[in-house]
Amino acid sequence: MDFFATIFRLALGGLLLDARVYRAQRESPTGVQRALLVVVLVGFLVGLAAWIGDIGEFLTQPDPQAVRDTLYTGLTAMPWYAQVASANPEFVAAFEQLFADPSTFTLTANLLVGALGIVLTPLLGLIGWFVGGSIAHIAARAFGGAARYPQTLACTGLAAGVNLLGLVQIVPYAEVFPGGLWLSTTLLGLLATYVAVREAHGLAPWRAFWAVLIGPLLLVVLLVALYCCVVFVFAGAVGTLAGGAGR
């Protein structure tokens, strides 16, 4: 029990941005191992909480058949439906096919996907920790940081403590605004990583700020570049097809 209590205290210290916890983690000879356990344990608990919340939503959701019947009756009773149906018979067939399967109107997440999240959440957390911690270490060293790579990982692993906010998902329908939890944990995670890099490398605040921000900025640039490439390729393919059809 003392072991898990220690790991939980580290995660809580990471969530609360306690600089003393980050400094102690930097000097710990088992810092990397403890950080790994923080990432895995927090990820497991959050995945489990989300799955329990999904079960609660599944058990309390409206009957999909009732949702289907209500929507079907309401839409077909509207004047526009009769007008569109008389002008376009194919619309009726497509409309009936859309409402043929009541399971389409299930309002909650798939429970099997939620169960997989118990494994995938800590796995993705580990990948994010190693990749993000490595980028932050390289950037921090470029800005004059003095920490060794294991020390950086030991401190940045505590930033996973912010994901404890995800435990709120154990309450069904707790996330009122879609994406709100992800946005809050992301912003707080960047702040926690800033504290981790600052304390691990002894950097001035603005140097630690840019060392942490470089990774997300590179990711945004990469995504924008990828999006532009896809758009250009798609536009070129459409232009080629249009040119061939015009001949």
# chains A, B, ... in the order shown; residues from 1 in each chain; ligands from 1
$ select_by_dssp --residues "segment 97-170 of chain A" --states "alpha helix (DSSP H)" --output "VMD selection string"
chain A and resid 97 to 98 111 to 142 149 to 156
$ write_last_selection --atoms "N, CA and C atoms" --output "short mmCIF file (atom, residue, chain, number, x, y, z; two decimals), in the first residue's frame"
data_model
loop_
_atom_site.label_atom_id
_atom_site.label_comp_id
_atom_site.auth_asym_id
_atom_site.auth_seq_id
_atom_site.Cartn_x
_atom_site.Cartn_y
_atom_site.Cartn_z
N GLN A 97 -33.81 3.38 -45.39
CA GLN A 97 -32.60 2.61 -45.08
C GLN A 97 -31.87 3.20 -43.86
N LEU A 98 -31.88 4.54 -43.78
CA LEU A 98 -31.23 5.20 -42.65
C LEU A 98 -31.90 4.82 -41.33
N LEU A 111 -19.18 -0.12 -25.62
CA LEU A 111 -18.55 -0.59 -24.38
C LEU A 111 -17.26 -1.35 -24.65
N LEU A 112 -17.17 -2.04 -25.79
CA LEU A 112 -15.94 -2.75 -26.12
C LEU A 112 -14.80 -1.78 -26.36
N VAL A 113 -15.09 -0.68 -27.06
CA VAL A 113 -14.07 0.35 -27.28
C VAL A 113 -13.63 0.95 -25.95
N GLY A 114 -14.60 1.17 -25.05
CA GLY A 114 -14.26 1.68 -23.73
C GLY A 114 -13.38 0.74 -22.94
N ALA A 115 -13.63 -0.56 -23.07
CA ALA A 115 -12.80 -1.55 -22.37
C ALA A 115 -11.37 -1.55 -22.93
N LEU A 116 -11.25 -1.38 -24.24
CA LEU A 116 -9.91 -1.30 -24.84
C LEU A 116 -9.16 -0.08 -24.34
N GLY A 117 -9.92 0.96 -23.98
CA GLY A 117 -9.29 2.17 -23.47
C GLY A 117 -8.52 1.95 -22.19
N ILE A 118 -8.88 0.92 -21.42
CA ILE A 118 -8.15 0.61 -20.19
C ILE A 118 -6.70 0.25 -20.51
N VAL A 119 -6.49 -0.37 -21.66
CA VAL A 119 -5.13 -0.73 -22.08
C VAL A 119 -4.50 0.37 -22.92
N LEU A 120 -5.30 0.96 -23.83
CA LEU A 120 -4.75 1.94 -24.75
C LEU A 120 -4.38 3.25 -24.07
N THR A 121 -5.13 3.65 -23.05
CA THR A 121 -4.85 4.94 -22.40
C THR A 121 -3.46 4.97 -21.77
N PRO A 122 -3.06 3.98 -20.96
CA PRO A 122 -1.68 4.01 -20.44
C PRO A 122 -0.64 3.82 -21.53
N LEU A 123 -0.96 3.03 -22.58
CA LEU A 123 0.00 2.83 -23.66
C LEU A 123 0.26 4.14 -24.40
N LEU A 124 -0.80 4.86 -24.73
CA LEU A 124 -0.64 6.15 -25.40
C LEU A 124 0.05 7.15 -24.48
N GLY A 125 -0.22 7.04 -23.18
CA GLY A 125 0.45 7.92 -22.23
C GLY A 125 1.95 7.68 -22.22
N LEU A 126 2.36 6.41 -22.29
CA LEU A 126 3.79 6.10 -22.33
C LEU A 126 4.45 6.65 -23.59
N ILE A 127 3.78 6.47 -24.73
CA ILE A 127 4.33 6.97 -25.99
C ILE A 127 4.46 8.49 -25.94
N GLY A 128 3.41 9.15 -25.46
CA GLY A 128 3.46 10.61 -25.36
C GLY A 128 4.54 11.09 -24.41
N TRP A 129 4.73 10.35 -23.32
CA TRP A 129 5.77 10.71 -22.35
C TRP A 129 7.16 10.62 -22.96
N PHE A 130 7.45 9.50 -23.62
CA PHE A 130 8.78 9.33 -24.21
C PHE A 130 9.04 10.33 -25.33
N VAL A 131 8.07 10.50 -26.22
CA VAL A 131 8.26 11.42 -27.35
C VAL A 131 8.32 12.86 -26.86
N GLY A 132 7.33 13.26 -26.05
CA GLY A 132 7.31 14.63 -25.55
C GLY A 132 8.49 14.94 -24.66
N GLY A 133 8.86 13.98 -23.79
CA GLY A 133 10.00 14.20 -22.91
C GLY A 133 11.30 14.31 -23.68
N SER A 134 11.43 13.51 -24.75
CA SER A 134 12.66 13.56 -25.55
C SER A 134 12.79 14.89 -26.28
N ILE A 135 11.68 15.36 -26.86
CA ILE A 135 11.72 16.65 -27.56
C ILE A 135 12.01 17.78 -26.58
N ALA A 136 11.36 17.74 -25.41
CA ALA A 136 11.59 18.77 -24.41
C ALA A 136 13.04 18.75 -23.92
N HIS A 137 13.63 17.56 -23.81
CA HIS A 137 15.02 17.47 -23.36
C HIS A 137 15.96 18.09 -24.38
N ILE A 138 15.77 17.76 -25.65
CA ILE A 138 16.63 18.32 -26.70
C ILE A 138 16.52 19.84 -26.73
N ALA A 139 15.27 20.32 -26.65
CA ALA A 139 15.06 21.77 -26.69
C ALA A 139 15.65 22.44 -25.46
N ALA A 140 15.47 21.83 -24.29
CA ALA A 140 16.00 22.42 -23.06
C ALA A 140 17.52 22.48 -23.08
N ARG A 141 18.15 21.43 -23.59
CA ARG A 141 19.61 21.45 -23.69
C ARG A 141 20.07 22.53 -24.67
N ALA A 142 19.31 22.73 -25.74
CA ALA A 142 19.66 23.77 -26.70
C ALA A 142 19.57 25.16 -26.07
N TYR A 149 19.30 13.21 -19.63
CA TYR A 149 18.07 12.71 -20.24
C TYR A 149 17.17 11.97 -19.23
N PRO A 150 17.72 11.05 -18.42
CA PRO A 150 16.86 10.38 -17.43
C PRO A 150 16.21 11.36 -16.45
N GLN A 151 16.92 12.42 -16.09
CA GLN A 151 16.34 13.40 -15.19
C GLN A 151 15.16 14.14 -15.83
N THR A 152 15.30 14.43 -17.12
CA THR A 152 14.19 15.08 -17.83
C THR A 152 12.97 14.16 -17.86
N LEU A 153 13.20 12.89 -18.19
CA LEU A 153 12.08 11.95 -18.23
C LEU A 153 11.47 11.77 -16.84
N ALA A 154 12.30 11.75 -15.82
CA ALA A 154 11.80 11.57 -14.46
C ALA A 154 10.85 12.70 -14.08
N CYS A 155 11.18 13.91 -14.49
CA CYS A 155 10.34 15.07 -14.14
C CYS A 155 9.13 15.20 -15.06
N THR A 156 9.31 15.03 -16.36
CA THR A 156 8.19 15.20 -17.28
C THR A 156 7.14 14.11 -17.09
#
$ residues_around --residues "Val168 of chain A" --least-positions-apart "3" --cutoff "9 Å" --atoms "only C-alpha atoms" --output "list in words"
Val46, Ala49, Ala50, Gly53, Leu164, Leu165, Val171, Pro172, Ala174 and Glu175 of chain A
$ residues_around --residues "Val212 of chain A" --least-positions-apart "2" --cutoff "8 Å" --atoms "only C-alpha atoms" --output "mmCIF file with C-alpha atoms, in the first residue's frame"
data_model
loop_
_atom_site.group_PDB
_atom_site.id
_atom_site.type_symbol
_atom_site.label_atom_id
_atom_site.label_comp_id
_atom_site.auth_asym_id
_atom_site.auth_seq_id
_atom_site.Cartn_x
_atom_site.Cartn_y
_atom_site.Cartn_z
ATOM 1 C CA ALA A 136 11.587 18.770 -24.405
ATOM 2 C CA ALA A 139 15.060 21.770 -26.689
ATOM 3 C CA ALA A 140 15.999 22.423 -23.062
ATOM 4 C CA LEU A 190 1.761 21.942 -20.952
ATOM 5 C CA THR A 193 5.698 20.123 -18.414
ATOM 6 C CA TYR A 194 6.948 23.703 -18.158
ATOM 7 C CA VAL A 197 11.589 21.303 -17.548
ATOM 8 C CA ALA A 208 11.789 26.778 -20.122
ATOM 9 C CA PHE A 209 8.660 28.222 -21.754
ATOM 10 C CA TRP A 210 10.101 28.054 -25.254
ATOM 11 C CA ILE A 214 8.754 24.026 -29.435
ATOM 12 C CA GLY A 215 7.301 20.499 -29.502
ATOM 13 C CA PRO A 216 3.629 21.540 -29.933
#
$ atom_distance --atom1 "atom CA of Glu27 of chain A" --atom2 "atom CA of Ala196 of chain A"
12.6 Å
$ residues_around --residues "Leu187 of chain A" --least-positions-apart "3" --cutoff "12 Å" --atoms "only C-alpha atoms" --output "list in words"
Leu15, Ala159, Val162, Asn163, Gly180, Leu181, Trp182, Leu183, Ser184, Leu190, Leu191, Ala192, Thr193, Tyr194, Val212, Leu213 and Pro216 of chain A
$ closest_residue --among "A:Phe8, A:Gly56, A:Phe234, A:Leu203" --to "Ala147 of chain A" --atoms "only C-alpha atoms"
A:Leu203
$ closest_residue --among "A:Ile7, A:Met78, A:Leu226, A:Leu12" --to "Gln33 of chain A" --atoms "only C-alpha atoms"
A:Ile7
$ residues_around --residues "Ala100 of chain A" --least-positions-apart "5" --cutoff "10 Å" --atoms "only C-alpha atoms" --output "PyMOL selection string"
chain A and resi 68+94-95
$ residues_around --residues "Ser103 of chain A" --least-positions-apart "2" --cutoff "12 Å" --atoms "only C-alpha atoms" --output "list of chain:residue names"
A:Pro62, A:Asp63, A:Pro64, A:Gln65, A:Ala66, A:Val67, A:Arg68, A:Asp69, A:Leu98, A:Phe99, A:Ala100, A:Asp101, A:Phe105, A:Thr106, A:Leu107, A:Thr108, A:Ala109, A:Asn110
$ atom_distance --atom1 "atom CA of Tyr22 of chain A" --atom2 "atom CA of Gly189 of chain A"
14.0 Å
$ atom_distance --atom1 "atom CA of Ile170 of chain A" --atom2 "atom CA of Asp2 of chain A"
24.9 Å
$ residues_around --residues "Leu158 of chain A" --least-positions-apart "5" --cutoff "7 Å" --atoms "only C-alpha atoms" --output "VMD selection string"
chain A and resid 10 to 11 14 35 38
